[in-house]
>>> print(open('start12.cif').read())   # mmCIF, C-alpha atoms
data_entry
loop_
_atom_site.label_atom_id
_atom_site.label_comp_id
_atom_site.auth_asym_id
_atom_site.auth_seq_id
_atom_site.Cartn_x
_atom_site.Cartn_y
_atom_site.Cartn_z
CA MET M 1 0.00 0.00 0.00
CA SER M 2 1.33 3.45 -0.85
CA ALA M 3 1.39 5.89 2.00
CA ALA M 4 -0.31 9.28 1.71
CA ARG M 5 1.97 11.97 0.43
CA THR M 6 2.86 14.38 3.24
CA THR M 7 5.79 16.37 1.85
CA ALA M 8 5.26 20.06 1.20
CA GLY M 9 5.16 21.55 -2.29
CA PRO M 10 4.02 20.15 -5.62
CA LEU M 11 4.31 16.51 -6.60
CA LYS M 12 7.61 16.22 -8.48
CA ILE M 13 7.50 14.35 -11.81
CA GLY M 14 10.59 13.13 -13.66
CA LEU M 15 10.47 12.07 -17.31
CA LEU M 16 12.92 9.55 -18.77
CA GLY M 17 13.09 9.91 -22.55
CA ALA M 18 11.92 12.64 -24.92
CA GLY M 19 11.17 10.93 -28.19
CA ASN M 20 7.92 11.16 -30.08
CA VAL M 21 5.74 10.23 -27.09
CA GLY M 22 8.01 11.73 -24.44
CA SER M 23 7.98 15.14 -26.11
CA GLN M 24 4.18 15.15 -26.14
CA VAL M 25 4.04 14.16 -22.47
CA ALA M 26 6.53 16.93 -21.59
CA ARG M 27 4.42 19.46 -23.51
CA THR M 28 1.27 18.40 -21.66
CA LEU M 29 2.94 18.58 -18.25
CA VAL M 30 4.32 22.07 -18.96
CA GLU M 31 1.54 23.72 -20.97
CA GLU M 32 -1.37 22.05 -19.17
CA ARG M 33 0.11 22.08 -15.68
CA GLU M 34 -2.82 23.93 -14.10
CA LEU M 35 -5.40 21.66 -15.75
CA ILE M 36 -3.57 18.49 -14.70
CA SER M 37 -3.11 19.83 -11.16
CA SER M 38 -6.84 20.54 -10.90
CA ARG M 39 -7.65 16.99 -11.98
CA VAL M 40 -5.17 15.53 -9.52
CA GLY M 41 -6.42 17.74 -6.70
CA ALA M 42 -2.88 18.85 -5.86
CA PRO M 43 -0.11 20.79 -7.63
CA ILE M 44 2.24 18.85 -9.92
CA LYS M 45 5.53 19.92 -11.44
CA LEU M 46 7.79 18.46 -14.13
CA VAL M 47 11.23 18.75 -12.51
CA GLY M 48 13.39 17.19 -15.21
CA VAL M 49 13.62 15.29 -18.49
CA ALA M 50 16.49 12.80 -18.82
CA VAL M 51 17.89 12.47 -22.36
CA ARG M 52 21.06 11.20 -24.03
CA ASP M 53 21.64 14.43 -25.96
CA VAL M 54 20.27 17.75 -24.69
CA GLU M 55 20.89 19.38 -28.11
CA ALA M 56 18.93 16.87 -30.19
CA PRO M 57 15.89 18.27 -32.09
CA ARG M 58 12.51 17.23 -30.70
CA ASP M 59 8.85 17.36 -31.71
CA TRP M 60 8.27 19.93 -28.96
CA LYS M 61 11.04 22.22 -27.74
CA ILE M 62 11.51 21.27 -24.10
CA PRO M 63 12.78 24.16 -21.93
CA GLY M 64 16.53 23.82 -21.59
CA GLU M 65 16.50 24.03 -17.79
CA LEU M 66 14.49 20.78 -17.65
CA LEU M 67 16.89 18.71 -19.74
CA THR M 68 19.50 16.54 -18.04
CA THR M 69 21.73 13.60 -18.85
CA ASP M 70 21.81 12.44 -15.21
CA ALA M 71 18.89 10.00 -15.19
CA GLU M 72 19.81 8.47 -11.82
CA ALA M 73 19.76 11.83 -10.04
CA LEU M 74 16.36 12.59 -11.57
CA VAL M 75 14.99 9.22 -10.41
CA ASP M 76 16.23 9.91 -6.88
CA GLU M 77 14.64 13.38 -6.83
CA ALA M 78 11.17 12.65 -8.22
CA ASP M 79 7.99 11.44 -6.54
CA LEU M 80 6.74 9.95 -9.82
CA ILE M 81 8.82 8.72 -12.74
CA ILE M 82 7.50 8.44 -16.30
CA GLU M 83 9.69 6.01 -18.27
CA LEU M 84 9.53 6.43 -22.06
CA MET M 85 13.10 5.51 -22.99
CA GLY M 86 12.17 2.14 -24.48
CA GLY M 87 14.33 -0.97 -24.59
CA LEU M 88 15.61 -3.03 -21.70
CA GLU M 89 18.58 -0.96 -20.51
CA PRO M 90 19.13 1.46 -18.94
CA ALA M 91 15.34 1.64 -18.59
CA GLY M 92 15.09 -1.55 -16.54
CA THR M 93 17.74 -0.51 -14.03
CA LEU M 94 16.24 2.97 -13.63
CA VAL M 95 12.67 1.70 -13.18
CA GLU M 96 13.77 -0.88 -10.62
CA ARG M 97 15.78 1.79 -8.79
CA ALA M 98 12.71 4.00 -8.57
CA LEU M 99 10.38 1.21 -7.44
CA ARG M 100 12.72 -0.10 -4.76
CA ALA M 101 12.92 3.44 -3.38
CA GLY M 102 9.12 3.57 -3.21
CA THR M 103 8.81 5.99 -6.14
CA ALA M 104 5.78 5.58 -8.38
CA VAL M 105 6.42 4.63 -12.02
CA VAL M 106 4.34 5.06 -15.17
CA THR M 107 5.75 3.37 -18.28
CA GLY M 108 4.78 2.47 -21.81
CA ASN M 109 7.70 0.08 -22.28
CA LYS M 110 6.07 -3.17 -23.44
CA ALA M 111 9.39 -4.92 -24.15
CA LEU M 112 10.61 -4.25 -20.61
CA LEU M 113 7.33 -5.39 -19.05
CA ALA M 114 7.14 -8.52 -21.19
CA ILE M 115 10.57 -9.67 -19.99
CA GLN M 116 11.04 -8.11 -16.54
CA GLY M 117 7.42 -7.47 -15.54
CA GLY M 118 7.45 -10.07 -12.77
CA LYS M 119 10.60 -8.69 -11.18
CA LEU M 120 9.40 -5.10 -11.38
CA SER M 121 6.00 -6.01 -9.94
CA GLN M 122 7.74 -7.73 -7.04
CA ALA M 123 9.92 -4.67 -6.42
CA ALA M 124 6.81 -2.48 -6.41
CA ALA M 125 4.98 -4.82 -4.04
CA GLU M 126 7.88 -4.91 -1.59
CA SER M 127 8.21 -1.12 -1.39
CA GLY M 128 4.53 -0.21 -1.79
CA ALA M 129 5.27 1.75 -4.97
CA LEU M 130 2.68 2.28 -7.69
CA LEU M 131 3.46 0.80 -11.13
CA ARG M 132 1.18 1.57 -14.09
CA PHE M 133 1.54 0.84 -17.82
CA GLU M 134 -1.71 1.48 -19.69
CA ALA M 135 0.18 2.82 -22.72
CA ALA M 136 2.09 -0.45 -23.16
CA VAL M 137 -0.87 -2.08 -24.93
CA GLY M 138 -3.22 -0.50 -27.43
CA GLY M 139 -1.98 3.11 -27.43
CA ALA M 140 -4.89 5.34 -26.43
CA ILE M 141 -7.27 2.42 -25.81
CA PRO M 142 -8.06 2.08 -22.10
CA ILE M 143 -7.77 -1.69 -21.87
CA LEU M 144 -5.44 -2.54 -18.97
CA ARG M 145 -7.32 -0.58 -16.30
CA PRO M 146 -10.68 -2.19 -17.22
CA ILE M 147 -9.05 -5.64 -17.00
CA GLN M 148 -7.27 -4.84 -13.75
CA GLU M 149 -10.04 -2.87 -12.06
CA SER M 150 -13.46 -2.90 -13.78
CA LEU M 151 -13.40 -6.68 -14.33
CA SER M 152 -11.60 -7.56 -11.10
CA GLY M 153 -14.78 -9.14 -9.72
CA ASP M 154 -15.30 -11.30 -12.79
CA ARG M 155 -13.42 -14.21 -14.38
CA ILE M 156 -11.86 -13.43 -17.74
CA THR M 157 -11.64 -16.49 -19.98
CA LYS M 158 -10.24 -15.00 -23.19
CA VAL M 159 -8.63 -11.85 -24.53
CA MET M 160 -8.14 -11.54 -28.27
CA GLY M 161 -7.04 -8.47 -30.14
CA ILE M 162 -5.39 -6.53 -32.91
CA VAL M 163 -2.63 -4.88 -30.89
CA ASN M 164 -0.17 -3.79 -33.58
CA GLY M 165 -1.19 -0.95 -35.89
CA THR M 166 1.62 -1.53 -38.40
CA THR M 167 0.63 -5.08 -39.24
CA ASN M 168 -3.07 -4.22 -39.29
CA TYR M 169 -2.41 -1.43 -41.78
CA ILE M 170 -0.38 -3.75 -44.02
CA LEU M 171 -2.96 -6.55 -43.99
CA ASP M 172 -5.80 -4.06 -44.50
CA GLN M 173 -4.06 -2.58 -47.54
CA MET M 174 -3.48 -6.06 -48.97
CA ASP M 175 -7.17 -6.85 -48.46
CA SER M 176 -8.76 -3.58 -49.57
CA THR M 177 -6.45 -2.48 -52.40
CA GLY M 178 -4.77 -5.71 -53.52
CA ALA M 179 -1.34 -4.36 -52.59
CA ALA M 180 1.53 -6.82 -52.25
CA PHE M 181 3.10 -7.21 -48.79
CA TYR M 182 6.24 -5.19 -49.42
CA ASP M 183 4.35 -2.40 -51.20
CA ALA M 184 1.97 -2.11 -48.24
CA LEU M 185 4.94 -2.12 -45.85
CA ALA M 186 6.66 0.66 -47.81
CA GLU M 187 3.50 2.76 -47.64
CA ALA M 188 3.23 2.13 -43.90
CA GLN M 189 6.82 3.36 -43.49
CA ARG M 190 6.09 6.45 -45.62
CA LEU M 191 3.11 7.31 -43.41
CA GLY M 192 5.07 6.78 -40.21
CA TYR M 193 3.15 3.66 -39.12
CA ALA M 194 6.21 1.43 -39.50
CA GLU M 195 9.82 1.89 -38.39
CA SER M 196 12.70 1.81 -40.86
CA ASP M 197 13.44 -1.61 -39.35
CA PRO M 198 9.95 -3.15 -39.06
CA THR M 199 11.12 -6.53 -37.78
CA ALA M 200 9.51 -6.28 -34.33
CA ASP M 201 6.16 -5.50 -35.92
CA VAL M 202 5.99 -7.79 -38.96
CA GLU M 203 7.53 -10.79 -37.16
CA GLY M 204 4.96 -10.45 -34.37
CA HIS M 205 7.39 -9.68 -31.53
CA ASP M 206 5.66 -6.43 -30.56
CA ALA M 207 2.27 -8.16 -30.41
CA ALA M 208 3.78 -11.05 -28.43
CA ALA M 209 5.09 -8.66 -25.76
CA LYS M 210 1.59 -7.19 -25.46
CA ALA M 211 0.05 -10.67 -25.30
CA ALA M 212 2.27 -11.47 -22.32
CA ILE M 213 1.11 -8.31 -20.54
CA LEU M 214 -2.56 -9.00 -21.29
CA GLY M 215 -2.25 -12.60 -20.12
CA ALA M 216 -0.51 -11.60 -16.89
CA LEU M 217 -3.26 -9.16 -15.99
CA ALA M 218 -6.22 -11.21 -17.22
CA PHE M 219 -5.15 -14.41 -15.45
CA HIS M 220 -3.16 -12.97 -12.51
CA SER M 221 -0.06 -14.94 -13.39
CA PRO M 222 3.55 -13.93 -14.14
CA PHE M 223 3.70 -14.70 -17.87
CA ASP M 224 6.49 -13.28 -19.99
CA ILE M 225 7.22 -13.11 -23.71
CA HIS M 226 8.83 -16.57 -23.67
CA ASP M 227 5.40 -18.04 -22.85
CA VAL M 228 3.92 -16.66 -26.09
CA TYR M 229 3.86 -18.67 -29.33
CA CYS M 230 4.65 -16.19 -32.11
CA GLU M 231 4.29 -16.05 -35.90
CA GLY M 232 4.50 -12.87 -37.96
CA ILE M 233 2.88 -11.84 -41.24
CA THR M 234 5.79 -11.99 -43.66
CA SER M 235 4.58 -15.29 -45.10
CA VAL M 236 1.07 -13.99 -45.85
CA THR M 237 0.68 -13.68 -49.63
CA SER M 238 -1.71 -11.89 -51.93
CA ALA M 239 -3.04 -15.33 -52.87
CA ASP M 240 -3.86 -15.97 -49.19
CA ILE M 241 -5.70 -12.66 -48.96
CA GLU M 242 -7.70 -13.39 -52.13
CA ALA M 243 -8.55 -16.93 -51.06
CA ALA M 244 -9.68 -15.70 -47.64
CA ALA M 245 -11.88 -13.02 -49.23
CA ALA M 246 -13.44 -15.57 -51.60
CA SER M 247 -14.48 -17.65 -48.58
CA GLY M 248 -15.81 -14.70 -46.56
CA TYR M 249 -12.77 -14.18 -44.34
CA VAL M 250 -10.23 -11.45 -43.66
CA ILE M 251 -6.69 -12.08 -42.34
CA LYS M 252 -5.61 -10.27 -39.16
CA LEU M 253 -2.58 -10.64 -36.90
CA LEU M 254 -4.18 -11.55 -33.56
CA ALA M 255 -2.85 -11.75 -30.04
CA ILE M 256 -4.88 -14.42 -28.23
CA VAL M 257 -4.69 -15.37 -24.55
CA GLU M 258 -7.15 -18.04 -23.46
CA LYS M 259 -7.63 -20.03 -20.28
CA ASN M 260 -8.87 -23.59 -19.91
CA ASP M 261 -9.03 -26.06 -17.01
CA ASP M 262 -5.32 -26.91 -17.34
CA GLY M 263 -3.79 -23.46 -17.79
CA ALA M 264 -3.51 -20.69 -20.34
CA ILE M 265 -2.31 -20.56 -23.94
CA LEU M 266 -0.79 -17.34 -25.25
CA ARG M 267 -0.27 -17.01 -29.00
CA VAL M 268 0.25 -14.49 -31.79
CA HIS M 269 -0.26 -15.43 -35.43
CA PRO M 270 -2.06 -14.44 -38.67
CA THR M 271 -5.67 -15.57 -38.38
CA LEU M 272 -8.65 -15.88 -40.69
CA LEU M 273 -11.67 -14.09 -39.22
CA PRO M 274 -15.20 -14.19 -40.63
CA ARG M 275 -16.03 -10.76 -42.01
CA THR M 276 -18.97 -10.65 -39.60
CA HIS M 277 -16.64 -10.80 -36.56
CA PRO M 278 -16.30 -7.43 -34.72
CA LEU M 279 -12.50 -7.48 -35.10
CA ALA M 280 -12.73 -8.01 -38.87
CA SER M 281 -13.90 -4.43 -39.40
CA VAL M 282 -10.87 -2.85 -37.67
CA ARG M 283 -9.15 -0.94 -40.45
CA GLY M 284 -5.86 0.87 -41.03
CA ALA M 285 -3.52 1.36 -38.09
CA PHE M 286 -6.28 1.08 -35.49
CA ASN M 287 -6.24 -1.45 -32.64
CA ALA M 288 -9.06 -3.33 -30.95
CA VAL M 289 -9.19 -5.79 -28.06
CA PHE M 290 -12.00 -8.30 -27.55
CA VAL M 291 -12.52 -9.54 -23.97
CA VAL M 292 -14.69 -12.45 -22.86
CA ALA M 293 -15.63 -12.74 -19.17
CA GLU M 294 -17.96 -15.17 -17.41
CA ASN M 295 -20.44 -12.54 -16.18
CA ALA M 296 -19.81 -9.49 -18.36
CA GLY M 297 -19.85 -11.55 -21.55
CA GLU M 298 -18.20 -10.08 -24.65
CA LEU M 299 -16.64 -6.60 -24.58
CA MET M 300 -14.63 -4.77 -27.25
CA PHE M 301 -12.28 -1.80 -26.86
CA TYR M 302 -11.34 0.12 -30.02
CA GLY M 303 -9.17 3.11 -30.87
CA GLN M 304 -5.89 4.45 -32.18
CA GLY M 305 -3.08 2.13 -31.26
CA ALA M 306 0.04 4.13 -32.05
CA GLY M 307 1.49 7.60 -32.41
CA GLY M 308 2.71 10.29 -30.04
CA LEU M 309 -0.63 11.88 -29.22
CA PRO M 310 -2.71 8.71 -28.62
CA THR M 311 0.04 7.08 -26.56
CA SER M 312 0.67 10.24 -24.54
CA SER M 313 -3.05 10.28 -23.73
CA ALA M 314 -2.74 6.83 -22.13
CA ILE M 315 0.42 7.90 -20.27
CA MET M 316 -1.29 10.99 -18.87
CA GLY M 317 -4.28 8.94 -17.77
CA ASP M 318 -1.94 6.83 -15.66
CA VAL M 319 -0.11 9.91 -14.39
CA VAL M 320 -3.31 11.54 -13.14
CA SER M 321 -4.51 8.27 -11.56
CA VAL M 322 -1.19 7.67 -9.78
CA ALA M 323 -0.83 11.30 -8.71
CA ARG M 324 -4.30 11.24 -7.14
CA ARG M 325 -3.36 8.20 -5.10
CA LEU M 326 -0.05 9.67 -4.04
CA HIS M 327 -1.88 12.78 -2.92
CA GLY M 328 -4.82 11.01 -1.28
CA GLY M 329 -3.12 7.90 0.07
CA SER M 330 -5.75 5.56 -1.34
CA ASP M 331 -5.66 1.96 -0.19
CA HIS M 332 -6.56 0.82 -3.70
CA PRO M 333 -3.95 -1.63 -5.08
CA GLY M 334 -1.73 0.17 -7.49
CA THR M 335 0.89 -2.37 -8.44
CA THR M 336 0.59 -4.98 -11.13
CA ASP M 337 -0.41 -7.91 -8.97
CA THR M 338 0.47 -10.99 -11.02
CA ASN M 339 0.24 -13.30 -8.03
CA GLY M 340 -3.09 -12.23 -6.60
CA ASP M 341 -4.94 -15.48 -7.24
CA SER M 342 -4.60 -18.38 -4.85
CA GLN M 343 -3.51 -20.50 -7.81
CA THR M 344 -1.10 -19.29 -10.48
CA VAL M 345 -2.23 -20.21 -13.98
CA ARG M 346 0.50 -22.07 -15.83
CA ALA M 347 1.44 -21.40 -19.44
CA LEU M 348 0.59 -24.26 -21.80
CA PRO M 349 2.29 -25.07 -25.11
CA VAL M 350 0.52 -24.03 -28.29
CA ASP M 351 0.03 -27.72 -29.12
CA ASP M 352 -2.72 -27.75 -26.48
CA ALA M 353 -4.72 -25.00 -28.21
CA ARG M 354 -8.00 -25.87 -29.90
CA THR M 355 -8.33 -24.05 -33.20
CA GLN M 356 -9.23 -24.48 -36.86
CA TYR M 357 -6.89 -24.56 -39.86
CA TYR M 358 -7.11 -23.21 -43.37
CA ILE M 359 -4.86 -25.31 -45.64
CA ASP M 360 -4.06 -24.34 -49.23
CA MET M 361 -2.36 -27.05 -51.28
CA GLU M 362 -1.63 -28.11 -54.84
CA VAL M 363 -2.53 -31.72 -55.56
CA ALA M 364 -2.29 -34.06 -58.50
CA ASP M 365 -5.25 -33.53 -60.83
CA ARG M 366 -6.52 -37.09 -60.89
CA GLU M 367 -9.30 -39.23 -59.53
CA GLY M 368 -9.24 -40.21 -55.84
CA VAL M 369 -7.02 -37.37 -54.62
CA ILE M 370 -9.73 -35.65 -52.58
CA ALA M 371 -10.64 -38.94 -50.93
CA GLU M 372 -7.00 -39.50 -49.98
CA VAL M 373 -6.71 -35.99 -48.49
CA ALA M 374 -9.92 -36.55 -46.52
CA ARG M 375 -8.58 -39.89 -45.24
CA VAL M 376 -5.45 -38.22 -43.85
CA LEU M 377 -7.57 -35.70 -41.94
CA ALA M 378 -9.81 -38.44 -40.57
CA ASP M 379 -6.80 -40.50 -39.46
CA HIS M 380 -5.72 -37.52 -37.32
CA HIS M 381 -9.21 -36.99 -35.88
CA VAL M 382 -9.70 -33.80 -37.90
CA SER M 383 -12.94 -33.21 -39.76
CA ILE M 384 -13.53 -30.92 -42.74
CA GLU M 385 -15.81 -27.88 -42.38
CA SER M 386 -15.46 -26.76 -46.00
CA MET M 387 -13.43 -27.48 -49.13
CA ARG M 388 -12.89 -25.36 -52.26
CA GLN M 389 -11.20 -26.08 -55.60
CA PRO M 390 -10.63 -22.65 -57.16
CA GLY M 391 -8.61 -21.95 -60.33
CA SER M 392 -4.91 -22.49 -59.83
CA VAL M 393 -3.20 -19.40 -58.43
CA SER M 394 0.30 -18.43 -59.48
CA THR M 395 2.87 -16.82 -57.23
CA ASP M 396 1.79 -13.30 -58.28
CA GLY M 397 -1.79 -14.02 -57.23
CA GLU M 398 -3.18 -14.34 -60.79
CA VAL M 399 -5.34 -17.25 -61.93
CA ASP M 400 -3.38 -19.22 -64.53
CA THR M 401 -5.46 -21.98 -66.15
CA GLU M 402 -2.73 -23.17 -68.54
CA SER M 403 -0.09 -23.67 -65.85
CA ALA M 404 -2.78 -25.19 -63.62
CA ARG M 405 -2.90 -28.19 -65.97
CA GLU M 406 0.86 -28.55 -65.58
CA ARG M 407 1.02 -28.09 -61.80
CA GLY M 408 -2.19 -29.79 -60.71
CA ALA M 409 -5.30 -28.66 -58.88
CA VAL M 410 -5.58 -26.19 -56.02
CA VAL M 411 -7.51 -27.44 -52.98
CA GLN M 412 -8.38 -25.22 -50.00
CA VAL M 413 -9.63 -26.88 -46.82
CA VAL M 414 -11.04 -25.34 -43.64
CA THR M 415 -11.10 -27.82 -40.77
CA HIS M 416 -13.43 -28.05 -37.82
CA LEU M 417 -12.15 -27.19 -34.36
CA ALA M 418 -9.38 -29.58 -33.27
CA LYS M 419 -6.29 -29.74 -31.12
CA GLU M 420 -3.34 -27.84 -32.56
CA LYS M 421 -1.09 -30.90 -32.28
CA ASP M 422 -3.50 -32.99 -34.38
CA LEU M 423 -3.77 -30.22 -36.96
CA SER M 424 -0.02 -29.73 -37.29
CA ASP M 425 0.49 -33.51 -37.57
CA THR M 426 -2.17 -33.56 -40.30
CA VAL M 427 -0.28 -30.93 -42.30
CA ALA M 428 2.99 -32.83 -41.89
CA THR M 429 1.36 -36.00 -43.25
CA LEU M 430 -0.22 -34.12 -46.16
CA ARG M 431 3.18 -32.69 -47.13
CA ALA M 432 4.54 -36.25 -47.37
CA LEU M 433 1.76 -37.56 -49.62
CA ASP M 434 2.74 -38.36 -53.21
CA VAL M 435 -0.48 -36.76 -54.48
CA VAL M 436 0.21 -33.46 -52.69
CA LYS M 437 2.61 -31.41 -54.78
CA SER M 438 2.92 -28.60 -52.23
CA VAL M 439 1.25 -27.13 -49.17
CA ASN M 440 1.24 -23.43 -49.98
CA SER M 441 -0.31 -21.91 -46.87
CA VAL M 442 -1.45 -22.93 -43.41
CA LEU M 443 -3.36 -20.35 -41.40
CA ARG M 444 -5.44 -20.60 -38.26
CA VAL M 445 -9.12 -19.71 -38.28
CA GLU M 446 -11.04 -17.96 -35.48
CA VAL M 447 -14.81 -18.19 -35.60
CA GLU M 448 -17.55 -16.42 -33.68
CA GLN M 449 -18.66 -18.51 -30.73
#
>>> encode(input="start12.cif", output="structure tokens")
Amino acid sequence: MSAARTTAGPLKIGLLGAGNVGSQVARTLVEERELISSRVGAPIKLVGVAVRDVEAPRDWKIPGELLTTDAEALVDEADLIIELMGGLEPAGTLVERALRAGTAVVTGNKALLAIQGGKLSQAAAESGALLRFEAAVGGAIPILRPIQESLSGDRITKVMGIVNGTTNYILDQMDSTGAAFYDALAEAQRLGYAESDPTADVEGHDAAAKAAILGALAFHSPFDIHDVYCEGITSVTSADIEAAAASGYVIKLLAIVEKNDDGAILRVHPTLLPRTHPLASVRGAFNAVFVVAENAGELMFYGQGAGGLPTSSAIMGDVVSVARRLHGGSDHPGTTDTNGDSQTVRALPVDDARTQYYIDMEVADREGVIAEVARVLADHHVSIESMRQPGSVSTDGEVDTESARERGAVVQVVTHLAKEKDLSDTVATLRALDVVKSVNSVLRVEVEQ
């Protein structure tokens, strides 16, 4: 429990990092100081901004007297630290230093939380410090506080969401305009949705870090990024997008955390969604998170998931909440309690997940092939929901009837719900069949329950 703040003078806030988001937070704390103070119910003051280079240009010109390169001294001086440096170090050391001293911390550092979240939560619990990180998932979307507070009297069974704006923009462009993957990525970079090195986004690592955070809060257990199965979108082709559309689906990169009687499965991968699903309509760089709870039922949170202004909004929401508690001495739990349940939920391997598969393959164009494919699925206890035999699709996504006669027939199968292990074994057996020339794509399918 954090003690009531009794020191005289305004609440001192230190900011670590002044990049795109940090500059916006600094601007808000300086230009809107009176407004923020009125909402807190006590005066606040930005006392310093720690940066690597005080001369570097920034989105908002921070007053020179606030800039410092001595981050440790700023941490020791402040009552509340806002960490927006990113990365693991020196951010991790500075945040832990603050928490162990009993100093409140607000951060948007998803990578740090996904790897060191358990250790930092423990440090906060031991000192009674407040640790908040709403901006780490979903940008401006208020999703972590509702999970941690509004639904604290309910049992969450599943959280599923589009939590990376870059990949959603790319897949949306491929679906709506027919753009190829790398063309859509280049446009995302031009618009500022993607970094010059987009690896963390397109390989799913960013979404996996957020899945770990969502799982830890939803199921009150200390998951980290190593508990998350992860696939990115680089293997998604224009042919996959077209085939999905022809069957009434759209492809999204989803973060899914789901609990069953044995534990929880955390996964990130491209997924076929029916176009009638609420998440299927999330366009561009927007994010949305779908929550299922025993009593509340289905809830969806939607909004801008990236950018300086949306993310700074989430940061400032945490700042005001924490500052109120520092001023008022509320007994409300403010740390990220990942051990609050009497039983910790264990992370299960993705093989234990129950899902559906979409399988696109080229087969020999002769009698009996479909029966042989169906037999393989049956042998692995997998049943077929639907099967299509469209025109053969070439690597550039165009239907090519002449080469189809040379290569064989295209068969697209959607399975019924089955265990992931049985589905992956099915695909392995299909690849080894003489009548299967190639398995072009394997994607998971998420249906409305």
>>> resolve_selection(input="start12.cif", expression="the PyMOL selection byres ((chain M and resi 9-13) around 8)", output="ChimeraX atom specification")
/M:7-8,14-15,42-48,77-82,323
>>> residues_around(input="start12.cif", residues="Gly178 in chain M", least_positions_apart="6", cutoff="9 Å", atoms="only C-alpha atoms", output="MDAnalysis selection string")
chainID M and resid 238 241:242
>>> write_last_selection(input="start12.cif", atoms="C-alpha atoms", output="compact mmCIF listing (two decimals), in the frame of the given file")
# COMPACT_ATOMS: atom_id res chain seq x y z
CA SER M 238 -1.71 -11.89 -51.93
CA ILE M 241 -5.70 -12.66 -48.96
CA GLU M 242 -7.70 -13.39 -52.13
>>> resolve_selection(input="start12.cif", expression="the PyMOL selection byres ((chain M and resi 83) around 12)", output="number ranges by chain")
M: 13-19, 21-22, 25-26, 49-51, 71, 74-75, 80-82, 84-96, 98-99, 104-110, 112-113, 131-133, 135-136, 312, 315, 318-319
>>> resolve_selection(input="start12.cif", expression="the PyMOL selection byres ((chain M and resi 371-379) around 10)", output="list in words")
Val363, Glu367, Gly368, Val369, Ile370, His380, His381, Val382, Ser383, Ile384, Val411, Val413, Thr415, Asp422, Leu423, Asp425, Thr426, Val427, Thr429, Leu430, Leu433, Val435 and Val436 of chain M
>>> write_last_selection(input="start12.cif", atoms="C-alpha atoms", output="short mmCIF file (atom, residue, chain, number, x, y, z; two decimals), in the coordinates of the input")
data_model
loop_
_atom_site.label_atom_id
_atom_site.label_comp_id
_atom_site.auth_asym_id
_atom_site.auth_seq_id
_atom_site.Cartn_x
_atom_site.Cartn_y
_atom_site.Cartn_z
CA VAL M 363 -2.53 -31.72 -55.56
CA GLU M 367 -9.30 -39.23 -59.53
CA GLY M 368 -9.24 -40.21 -55.84
CA VAL M 369 -7.02 -37.37 -54.62
CA ILE M 370 -9.73 -35.65 -52.58
CA HIS M 380 -5.72 -37.52 -37.32
CA HIS M 381 -9.21 -36.99 -35.88
CA VAL M 382 -9.70 -33.80 -37.90
CA SER M 383 -12.94 -33.21 -39.76
CA ILE M 384 -13.53 -30.92 -42.74
CA VAL M 411 -7.51 -27.44 -52.98
CA VAL M 413 -9.63 -26.88 -46.82
CA THR M 415 -11.10 -27.82 -40.77
CA ASP M 422 -3.50 -32.99 -34.38
CA LEU M 423 -3.77 -30.22 -36.96
CA ASP M 425 0.49 -33.51 -37.57
CA THR M 426 -2.17 -33.56 -40.30
CA VAL M 427 -0.28 -30.93 -42.30
CA THR M 429 1.36 -36.00 -43.25
CA LEU M 430 -0.22 -34.12 -46.16
CA LEU M 433 1.76 -37.56 -49.62
CA VAL M 435 -0.48 -36.76 -54.48
CA VAL M 436 0.21 -33.46 -52.69
#
>>> residues_around(input="start12.cif", residues="Asn295 in chain M", least_positions_apart="6", cutoff="12 Å", atoms="all atoms listed in the file", output="PyMOL selection string")
chain M and resi 151-157
>>> residues_around(input="start12.cif", residues="Lys61 in chain M", least_positions_apart="4", cutoff="9 Å", atoms="all atoms listed in the file", output="VMD selection string")
chain M and resid 23 27 57
>>> write_last_selection(input="start12.cif", atoms="C-alpha atoms", output="compact mmCIF listing (two decimals), in the frame of the given file")
# COMPACT_ATOMS: atom_id res chain seq x y z
CA SER M 23 7.98 15.14 -26.11
CA ARG M 27 4.42 19.46 -23.51
CA PRO M 57 15.89 18.27 -32.09
>>> atom_distance(input="start12.cif", atom1="CA of Tyr193 in chain M", atom2="CA of Ala218 in chain M")
28.1 Å
>>> closest_residue(input="start12.cif", among="M:Thr68, M:Ser281, M:Asn440, M:Ser321", to="Ser176 in chain M", atoms="only C-alpha atoms")
M:Ser281
>>> atom_distance(input="start12.cif", atom1="CA of Glu385 in chain M", atom2="CA of Leu273 in chain M")
14.7 Å
>>> atom_distance(input="start12.cif", atom1="CA of Glu149 in chain M", atom2="CA of Gln24 in chain M")
26.9 Å
>>> axis_aligned_box(input="start12.cif", around="range 52-66 of chain M", padding_each_side="6 Å", output="lines of an AutoDock Vina configuration file")
center_x = 15.0
center_y = 17.7
center_z = -24.9
size_x = 25.4
size_y = 25.0
size_z = 26.4
>>> residues_around(input="start12.cif", residues="Leu417 in chain M", least_positions_apart="4", cutoff="8 Å", atoms="only C-alpha atoms", output="list in words")
Arg354, Thr355, Gln356 and Val382 of chain M
>>> closest_residue(input="start12.cif", among="M:Leu253, M:Ala409, M:Ala285, M:Ala296", to="Gln173 in chain M", atoms="all atoms listed in the file")
M:Ala285
>>> closest_residue(input="start12.cif", among="M:Asp197, M:Glu231, M:Asp262, M:Glu126", to="Ala353 in chain M", atoms="only C-alpha atoms")
M:Asp262
>>> closest_residue(input="start12.cif", among="M:Leu214, M:Ala188, M:Val159, M:Leu171", to="Ile251 in chain M", atoms="all atoms listed in the file")
M:Leu171
>>> closest_residue(input="start12.cif", among="M:Thr234, M:Asn287, M:Ser441, M:Gln412", to="Met160 in chain M", atoms="only C-alpha atoms")
M:Asn287
